[in-house]
file work27.txt (compact mmCIF, C-alpha atoms)
# COMPACT_ATOMS: atom_id res chain seq x y z
CA MET S 1 130.41 82.55 67.96
CA GLY S 2 127.83 83.61 65.42
CA GLU S 3 124.13 83.72 64.76
CA HIS S 4 124.30 80.66 62.54
CA THR S 5 126.70 78.53 64.56
CA GLU S 6 126.45 76.23 67.54
CA THR S 7 129.11 75.15 70.03
CA ALA S 8 129.65 71.64 71.38
CA VAL S 9 132.13 70.64 74.09
CA LEU S 10 133.20 67.01 74.07
CA ALA S 11 135.61 64.94 76.18
CA GLY S 12 136.71 61.59 74.81
CA GLY S 13 140.33 60.96 75.70
CA CYS S 14 143.40 62.83 74.57
CA ALA S 15 142.34 66.29 73.36
CA TRP S 16 145.04 66.30 70.65
CA ILE S 17 143.56 63.17 69.07
CA MET S 18 139.96 64.24 69.55
CA GLN S 19 140.62 67.64 67.99
CA GLN S 20 142.19 66.03 64.94
CA LEU S 21 139.25 63.63 64.49
CA LEU S 22 136.47 66.13 65.21
CA ARG S 23 137.72 68.86 62.86
CA HIS S 24 136.97 66.92 59.66
CA PRO S 25 133.20 66.45 59.36
CA GLU S 26 131.53 68.78 56.86
CA GLY S 27 130.06 71.70 58.81
CA VAL S 28 132.77 72.00 61.48
CA ILE S 29 134.03 75.59 61.49
CA SER S 30 136.67 75.52 64.23
CA THR S 31 138.02 73.51 67.16
CA ARG S 32 140.00 74.36 70.30
CA THR S 33 141.45 72.12 72.98
CA GLY S 34 140.92 72.84 76.65
CA PHE S 35 139.63 71.61 79.98
CA MET S 36 136.17 71.51 81.57
CA GLY S 37 134.25 69.81 84.33
CA GLY S 38 136.51 70.22 87.34
CA THR S 39 136.97 72.61 90.23
CA LYS S 40 140.39 74.18 89.68
CA ASP S 41 140.98 77.49 87.94
CA ASN S 42 143.61 77.43 85.17
CA PRO S 43 144.00 73.64 85.04
CA THR S 44 146.90 71.88 83.38
CA GLU S 45 147.48 68.29 82.31
CA THR S 46 149.58 67.67 85.41
CA ASP S 47 147.23 69.55 87.77
CA SER S 48 143.76 69.17 86.27
CA GLY S 49 141.67 69.66 89.40
CA GLY S 50 139.13 67.10 88.19
CA HIS S 51 138.75 68.61 84.72
CA ALA S 52 138.60 66.51 81.57
CA GLU S 53 140.54 67.29 78.42
CA VAL S 54 137.92 68.60 75.98
CA VAL S 55 137.49 69.87 72.46
CA GLU S 56 135.26 72.85 71.81
CA VAL S 57 133.69 72.42 68.37
CA VAL S 58 132.01 75.34 66.61
CA PHE S 59 129.82 74.08 63.79
CA ASP S 60 127.13 75.14 61.35
CA PRO S 61 123.91 73.33 62.35
CA ALA S 62 122.53 73.82 58.84
CA ARG S 63 125.35 71.61 57.53
CA LEU S 64 125.97 69.30 60.52
CA SER S 65 123.40 68.50 63.17
CA TYR S 66 124.39 68.20 66.81
CA ARG S 67 123.34 64.56 66.68
CA GLY S 68 125.52 64.09 63.59
CA LEU S 69 128.48 65.53 65.47
CA LEU S 70 127.76 63.19 68.38
CA GLU S 71 127.68 60.25 65.96
CA VAL S 72 131.25 61.11 64.95
CA PHE S 73 132.21 61.56 68.62
CA PHE S 74 130.96 58.07 69.47
CA LEU S 75 132.78 56.57 66.48
CA VAL S 76 136.19 57.92 67.45
CA HIS S 77 136.53 57.12 71.14
CA ARG S 78 135.83 54.25 73.55
CA ALA S 79 132.69 55.37 75.35
CA ASP S 80 132.70 52.19 77.42
CA LEU S 81 135.98 52.88 79.22
CA ASP S 82 135.24 54.42 82.60
CA VAL S 83 137.34 56.71 84.76
CA GLY S 84 138.88 53.68 86.51
CA VAL S 85 140.43 52.63 83.18
CA VAL S 86 141.32 55.91 81.45
CA GLY S 87 141.47 58.34 84.37
CA SER S 88 139.37 61.40 85.07
CA LEU S 89 141.34 63.61 82.67
CA TYR S 90 140.48 61.35 79.69
CA ARG S 91 136.90 60.43 80.59
CA SER S 92 133.97 60.38 78.15
CA GLU S 93 131.67 63.34 78.75
CA ILE S 94 129.37 65.60 76.77
CA PHE S 95 129.11 69.14 78.12
CA CYS S 96 125.79 70.61 76.96
CA THR S 97 125.36 74.30 76.18
CA SER S 98 121.54 74.18 76.00
CA PRO S 99 118.56 72.09 77.13
CA GLU S 100 118.14 70.94 73.51
CA GLN S 101 121.72 69.64 73.45
CA ARG S 102 121.12 67.80 76.73
CA HIS S 103 118.04 66.09 75.29
CA VAL S 104 119.89 65.00 72.14
CA ALA S 105 122.96 63.89 74.13
CA GLU S 106 120.96 61.78 76.60
CA GLU S 107 119.06 60.16 73.74
CA MET S 108 122.31 59.49 71.87
CA VAL S 109 123.97 57.87 74.90
CA ARG S 110 120.96 55.54 75.26
CA ASP S 111 121.06 54.72 71.54
CA VAL S 112 124.81 54.03 71.54
CA ASP S 113 124.52 51.84 74.63
CA ALA S 114 121.63 49.87 73.09
CA SER S 115 123.52 49.46 69.79
CA GLY S 116 126.28 47.30 71.26
CA HIS S 117 128.80 49.34 69.21
CA TRP S 118 131.33 48.99 72.03
CA PRO S 119 131.93 45.80 74.03
CA GLY S 120 131.06 47.37 77.40
CA LYS S 121 128.31 49.62 78.77
CA THR S 122 128.46 53.24 77.60
CA VAL S 123 129.69 55.34 80.52
CA THR S 124 129.59 58.75 78.84
CA ARG S 125 128.44 61.46 81.24
CA VAL S 126 126.08 64.21 80.12
CA SER S 127 126.69 67.47 82.01
CA GLU S 128 126.03 71.17 81.79
CA ALA S 129 128.88 73.09 80.18
CA GLY S 130 130.88 75.22 82.55
CA VAL S 131 133.95 77.38 82.14
CA PHE S 132 136.10 76.39 79.17
CA TRP S 133 139.77 76.66 80.09
CA GLU S 134 141.68 76.85 76.81
CA MET S 135 144.93 74.92 76.58
CA GLY S 136 148.03 76.85 75.58
CA PRO S 137 149.04 77.48 71.97
CA GLU S 138 151.45 74.53 72.05
CA ASP S 139 148.44 72.22 72.53
CA GLN S 140 146.26 73.69 69.76
CA ASP S 141 146.29 71.83 66.42
CA TYR S 142 149.06 69.62 67.80
CA LEU S 143 148.64 66.74 65.37
CA GLN S 144 148.52 69.09 62.40
CA ARG S 145 151.91 70.43 63.42
CA PHE S 146 153.30 67.06 64.53
CA PRO S 147 151.46 64.38 62.50
CA HIS S 148 153.39 61.56 64.15
CA GLY S 149 153.13 63.04 67.67
CA CYS S 150 150.87 60.18 68.75
CA THR S 151 148.84 57.49 67.05
CA PRO S 152 145.12 58.32 66.77
CA PRO S 153 142.55 55.54 67.05
CA PHE S 154 140.42 54.73 64.03
CA PRO S 155 136.65 54.36 63.71
CA ARG S 156 135.19 50.89 63.45
CA GLN S 157 135.57 49.60 59.91
CA ASP S 158 132.02 48.22 59.79
CA ASP S 159 130.32 51.55 60.42
CA THR S 160 127.96 52.77 57.71
CA SER S 161 127.33 56.27 59.06
CA GLU S 162 127.71 59.14 56.60
CA ASN S 163 129.88 60.84 59.19
CA PHE S 164 132.32 57.91 59.10
CA ARG S 165 133.08 58.67 55.44
CA ALA S 166 133.84 62.28 56.41
CA LEU S 167 136.74 61.06 58.56
CA ALA S 168 138.42 59.01 55.83
call {"tool": "encode", "arguments": {"input": "work27.txt", "output": "structure tokens"}}
result
Amino acid sequence: MGEHTETAVLAGGCAWIMQQLLRHPEGVISTRTGFMGGTKDNPTETDSGGHAEVVEVVFDPARLSYRGLLEVFFLVHRADLDVGVVGSLYRSEIFCTSPEQRHVAEEMVRDVDASGHWPGKTVTRVSEAGVFWEMGPEDQDYLQRFPHGCTPPFPRQDDTSENFRALA
């Protein structure tokens, strides 16, 4: 997007909910909902072709590190629920746009798994980013337009991360 921005693509369940939760940390510039990680061109929710619902997050790395953004990501979704529980469309996956992001993401997945933050083993995939298929305008900023459209999950109350306070 710009010389002083970075882009992250994250899948962690319903894109409407994830977009609402990932737009708030200080340093986030913009978010868009879409699909990534499958084989079908022009996927939809009803015909995803193996894609996951994702949120593309453009952020200022001088104000929010990639690891800091991933900390928020792991606070706001169940990274221990595998495809057999939530389905392929709502899986947990980090789509990396650079080798540096891959390194940070793999380290973060190990750290989250070792922390015991979630009751089960962390199943978050770390993959190379591919084509981002943007959802239609009706799916962008959905919970800003329809605040009661669905009930978002909440971060764990015992978390002490600075990024947790940014969500409140």
call {"tool": "closest_residue", "arguments": {"input": "work27.txt", "among": "S:Arg23, S:Arg32, S:Lys40, S:Arg78", "to": "Val131 in chain S", "atoms": "only C-alpha atoms"}}
result
S:Lys40
call {"tool": "closest_residue", "arguments": {"input": "work27.txt", "among": "S:Ile17, S:Ala79, S:Val126, S:Leu89", "to": "Arg102 in chain S", "atoms": "all atoms listed in the file"}}
result
S:Val126
call {"tool": "residues_around", "arguments": {"input": "work27.txt", "residues": "Gly136 in chain S", "least_positions_apart": "5", "cutoff": "10 Å", "atoms": "all atoms listed in the file", "output": "number ranges by chain"}}
result
S: 32-34, 44
call {"tool": "residues_around", "arguments": {"input": "work27.txt", "residues": "His51 in chain S", "least_positions_apart": "3", "cutoff": "7 Å", "atoms": "all atoms listed in the file", "output": "compact mmCIF listing (two decimals) with C-alpha atoms, keeping the file's coordinate frame"}}
result
# COMPACT_ATOMS: atom_id res chain seq x y z
CA PHE S 35 139.63 71.61 79.98
CA MET S 36 136.17 71.51 81.57
CA GLY S 37 134.25 69.81 84.33
CA GLY S 38 136.51 70.22 87.34
CA SER S 48 143.76 69.17 86.27
CA LEU S 89 141.34 63.61 82.67
call {"tool": "atom_distance", "arguments": {"input": "work27.txt", "atom1": "CA of Val28 in chain S", "atom2": "CA of Gly68 in chain S"}}
result
10.9 Å
call {"tool": "closest_residue", "arguments": {"input": "work27.txt", "among": "S:Asp80, S:Glu26, S:Glu45, S:Glu6", "to": "Met135 in chain S", "atoms": "all atoms listed in the file"}}
result
S:Glu45
call {"tool": "residues_around", "arguments": {"input": "work27.txt", "residues": "Pro99 in chain S", "least_positions_apart": "3", "cutoff": "12 Å", "atoms": "all atoms listed in the file", "output": "MDAnalysis selection string"}}
result
chainID S and resid 95:96 102:106 126:129
call {"tool": "atom_distance", "arguments": {"input": "work27.txt", "atom1": "CA of Asp47 in chain S", "atom2": "CA of Val76 in chain S"}}
result
25.9 Å
call {"tool": "closest_residue", "arguments": {"input": "work27.txt", "among": "S:Gln144, S:Asn42, S:Ser115, S:Ser92", "to": "Ala11 in chain S", "atoms": "all atoms listed in the file"}}
result
S:Ser92
call {"tool": "closest_residue", "arguments": {"input": "work27.txt", "among": "S:Ala52, S:Leu10, S:Val57, S:Ile29", "to": "Phe74 in chain S", "atoms": "all atoms listed in the file"}}
result
S:Leu10
call {"tool": "atom_distance", "arguments": {"input": "work27.txt", "atom1": "CA of Val54 in chain S", "atom2": "CA of Ala15 in chain S"}}
result
5.6 Å
call {"tool": "residues_near_point", "arguments": {"input": "work27.txt", "point": "(126.1, 75.0, 56.1)", "cutoff": "12 Å", "atoms": "all atoms listed in the file", "output": "list in words"}}
result
His4, Thr5, Glu6, Pro25, Glu26, Gly27, Val28, Ile29, Phe59, Asp60, Pro61, Ala62, Arg63, Leu64 and Ser65 of chain S
call {"tool": "write_last_selection", "arguments": {"input": "work27.txt", "atoms": "C-alpha atoms", "output": "CSV table (one decimal), keeping the file's coordinate frame"}}
result
chain,number,residue,atom,x,y,z
S,4,HIS,CA,124.3,80.7,62.5
S,5,THR,CA,126.7,78.5,64.6
S,6,GLU,CA,126.4,76.2,67.5
S,25,PRO,CA,133.2,66.4,59.4
S,26,GLU,CA,131.5,68.8,56.9
S,27,GLY,CA,130.1,71.7,58.8
S,28,VAL,CA,132.8,72.0,61.5
S,29,ILE,CA,134.0,75.6,61.5
S,59,PHE,CA,129.8,74.1,63.8
S,60,ASP,CA,127.1,75.1,61.4
S,61,PRO,CA,123.9,73.3,62.4
S,62,ALA,CA,122.5,73.8,58.8
S,63,ARG,CA,125.4,71.6,57.5
S,64,LEU,CA,126.0,69.3,60.5
S,65,SER,CA,123.4,68.5,63.2
call {"tool": "closest_residue", "arguments": {"input": "work27.txt", "among": "S:Ser98, S:Gln140, S:Thr124, S:Ser88", "to": "Gly49 in chain S", "atoms": "all atoms listed in the file"}}
result
S:Ser88
call {"tool": "decode", "arguments": {"input": "work27.txt", "residues": "range 60-106 of chain S", "atoms": "N, CA and C atoms", "output": "CSV table (one decimal), in the first residue's frame"}}
result
chain,number,residue,atom,x,y,z
S,60,ASP,N,0.8,0.1,10.1
S,60,ASP,CA,2.1,0.9,10.2
S,60,ASP,C,3.0,0.1,11.2
S,61,PRO,N,4.1,-0.5,10.6
S,61,PRO,CA,5.0,-1.3,11.5
S,61,PRO,C,5.8,-0.4,12.5
S,62,ALA,N,5.8,0.9,12.3
S,62,ALA,CA,6.4,1.7,13.3
S,62,ALA,C,5.5,1.9,14.5
S,63,ARG,N,4.2,1.7,14.4
S,63,ARG,CA,3.3,1.8,15.5
S,63,ARG,C,2.8,0.5,16.0
S,64,LEU,N,2.8,-0.6,15.2
S,64,LEU,CA,2.3,-1.9,15.5
S,64,LEU,C,3.2,-2.9,14.8
S,65,SER,N,3.9,-3.7,15.6
S,65,SER,CA,4.7,-4.7,15.0
S,65,SER,C,3.8,-5.9,14.4
S,66,TYR,N,4.4,-6.6,13.5
S,66,TYR,CA,3.7,-7.8,13.0
S,66,TYR,C,3.4,-8.8,14.1
S,67,ARG,N,4.4,-9.0,15.0
S,67,ARG,CA,4.2,-9.9,16.2
S,67,ARG,C,3.0,-9.3,17.0
S,68,GLY,N,3.0,-8.0,17.2
S,68,GLY,CA,1.9,-7.4,18.0
S,68,GLY,C,0.6,-7.6,17.4
S,69,LEU,N,0.5,-7.5,16.1
S,69,LEU,CA,-0.8,-7.8,15.4
S,69,LEU,C,-1.1,-9.3,15.6
S,70,LEU,N,-0.2,-10.2,15.5
S,70,LEU,CA,-0.4,-11.6,15.7
S,70,LEU,C,-0.9,-11.9,17.1
S,71,GLU,N,-0.3,-11.2,18.1
S,71,GLU,CA,-0.8,-11.3,19.5
S,71,GLU,C,-2.3,-11.1,19.6
S,72,VAL,N,-2.8,-10.0,18.9
S,72,VAL,CA,-4.2,-9.7,18.9
S,72,VAL,C,-4.9,-10.8,18.2
S,73,PHE,N,-4.5,-11.2,17.1
S,73,PHE,CA,-5.1,-12.3,16.3
S,73,PHE,C,-5.3,-13.6,17.2
S,74,PHE,N,-4.3,-13.9,18.0
S,74,PHE,CA,-4.4,-15.1,18.8
S,74,PHE,C,-5.3,-14.9,20.0
S,75,LEU,N,-5.5,-13.7,20.4
S,75,LEU,CA,-6.4,-13.4,21.5
S,75,LEU,C,-7.9,-13.5,21.1
S,76,VAL,N,-8.2,-13.2,19.8
S,76,VAL,CA,-9.6,-13.1,19.4
S,76,VAL,C,-10.2,-14.2,18.7
S,77,HIS,N,-9.4,-15.3,18.5
S,77,HIS,CA,-10.1,-16.5,17.9
S,77,HIS,C,-9.5,-17.8,18.5
S,78,ARG,N,-10.2,-18.9,18.3
S,78,ARG,CA,-9.8,-20.2,18.9
S,78,ARG,C,-8.9,-20.9,18.0
S,79,ALA,N,-7.6,-20.7,18.2
S,79,ALA,CA,-6.5,-21.3,17.4
S,79,ALA,C,-6.4,-22.8,17.6
S,80,ASP,N,-7.1,-23.4,18.5
S,80,ASP,CA,-7.1,-24.8,18.7
S,80,ASP,C,-8.2,-25.6,18.1
S,81,LEU,N,-9.1,-24.9,17.4
S,81,LEU,CA,-10.2,-25.6,16.7
S,81,LEU,C,-9.8,-25.9,15.3
S,82,ASP,N,-9.7,-27.2,15.0
S,82,ASP,CA,-9.2,-27.5,13.6
S,82,ASP,C,-10.4,-27.6,12.6
S,83,VAL,N,-10.0,-27.8,11.4
S,83,VAL,CA,-10.9,-27.8,10.3
S,83,VAL,C,-12.1,-28.7,10.5
S,84,GLY,N,-11.9,-29.9,11.2
S,84,GLY,CA,-12.9,-30.8,11.5
S,84,GLY,C,-14.0,-30.2,12.4
S,85,VAL,N,-13.7,-29.2,13.2
S,85,VAL,CA,-14.6,-28.5,14.1
S,85,VAL,C,-15.3,-27.3,13.4
S,86,VAL,N,-14.5,-26.5,12.8
S,86,VAL,CA,-15.0,-25.2,12.3
S,86,VAL,C,-15.2,-25.2,10.8
S,87,GLY,N,-14.7,-26.1,10.1
S,87,GLY,CA,-14.8,-26.2,8.7
S,87,GLY,C,-13.6,-25.4,8.0
S,88,SER,N,-13.3,-25.8,6.8
S,88,SER,CA,-12.2,-25.2,6.0
S,88,SER,C,-12.4,-23.7,5.9
S,89,LEU,N,-13.6,-23.2,5.6
S,89,LEU,CA,-13.8,-21.8,5.4
S,89,LEU,C,-13.4,-20.9,6.6
S,90,TYR,N,-13.5,-21.5,7.8
S,90,TYR,CA,-13.3,-20.7,9.1
S,90,TYR,C,-12.0,-21.2,9.8
S,91,ARG,N,-11.1,-21.8,9.1
S,91,ARG,CA,-9.9,-22.3,9.7
S,91,ARG,C,-9.0,-21.2,10.2
S,92,SER,N,-8.0,-21.6,11.1
S,92,SER,CA,-7.0,-20.6,11.6
S,92,SER,C,-5.8,-20.7,10.7
S,93,GLU,N,-5.4,-19.6,10.0
S,93,GLU,CA,-4.3,-19.6,9.1
S,93,GLU,C,-3.7,-18.2,9.0
S,94,ILE,N,-2.4,-18.2,8.9
S,94,ILE,CA,-1.7,-17.0,8.7
S,94,ILE,C,-1.0,-17.0,7.3
S,95,PHE,N,-1.4,-16.1,6.5
S,95,PHE,CA,-0.8,-16.1,5.1
S,95,PHE,C,0.3,-15.0,5.1
S,96,CYS,N,1.5,-15.5,4.9
S,96,CYS,CA,2.7,-14.6,5.0
S,96,CYS,C,3.0,-13.9,3.7
S,97,THR,N,3.3,-12.6,3.8
S,97,THR,CA,3.7,-11.9,2.6
S,97,THR,C,5.2,-11.7,2.4
S,98,SER,N,6.0,-12.3,3.3
S,98,SER,CA,7.4,-12.2,3.2
S,98,SER,C,8.1,-13.3,4.1
S,99,PRO,N,9.3,-13.6,3.8
S,99,PRO,CA,10.0,-14.5,4.7
S,99,PRO,C,10.1,-14.1,6.1
S,100,GLU,N,10.2,-12.8,6.4
S,100,GLU,CA,10.3,-12.3,7.7
S,100,GLU,C,9.0,-12.6,8.4
S,101,GLN,N,7.8,-12.3,7.7
S,101,GLN,CA,6.5,-12.6,8.4
S,101,GLN,C,6.4,-14.1,8.7
S,102,ARG,N,6.9,-15.0,7.8
S,102,ARG,CA,6.8,-16.4,8.0
S,102,ARG,C,7.6,-16.8,9.3
S,103,HIS,N,8.8,-16.2,9.4
S,103,HIS,CA,9.6,-16.5,10.6
S,103,HIS,C,8.9,-16.1,11.9
S,104,VAL,N,8.3,-14.9,11.9
S,104,VAL,CA,7.6,-14.4,13.1
S,104,VAL,C,6.4,-15.2,13.3
S,105,ALA,N,5.6,-15.6,12.3
S,105,ALA,CA,4.4,-16.4,12.4
S,105,ALA,C,4.7,-17.8,13.0
S,106,GLU,N,5.7,-18.4,12.5
S,106,GLU,CA,6.0,-19.8,13.0
S,106,GLU,C,6.5,-19.7,14.4
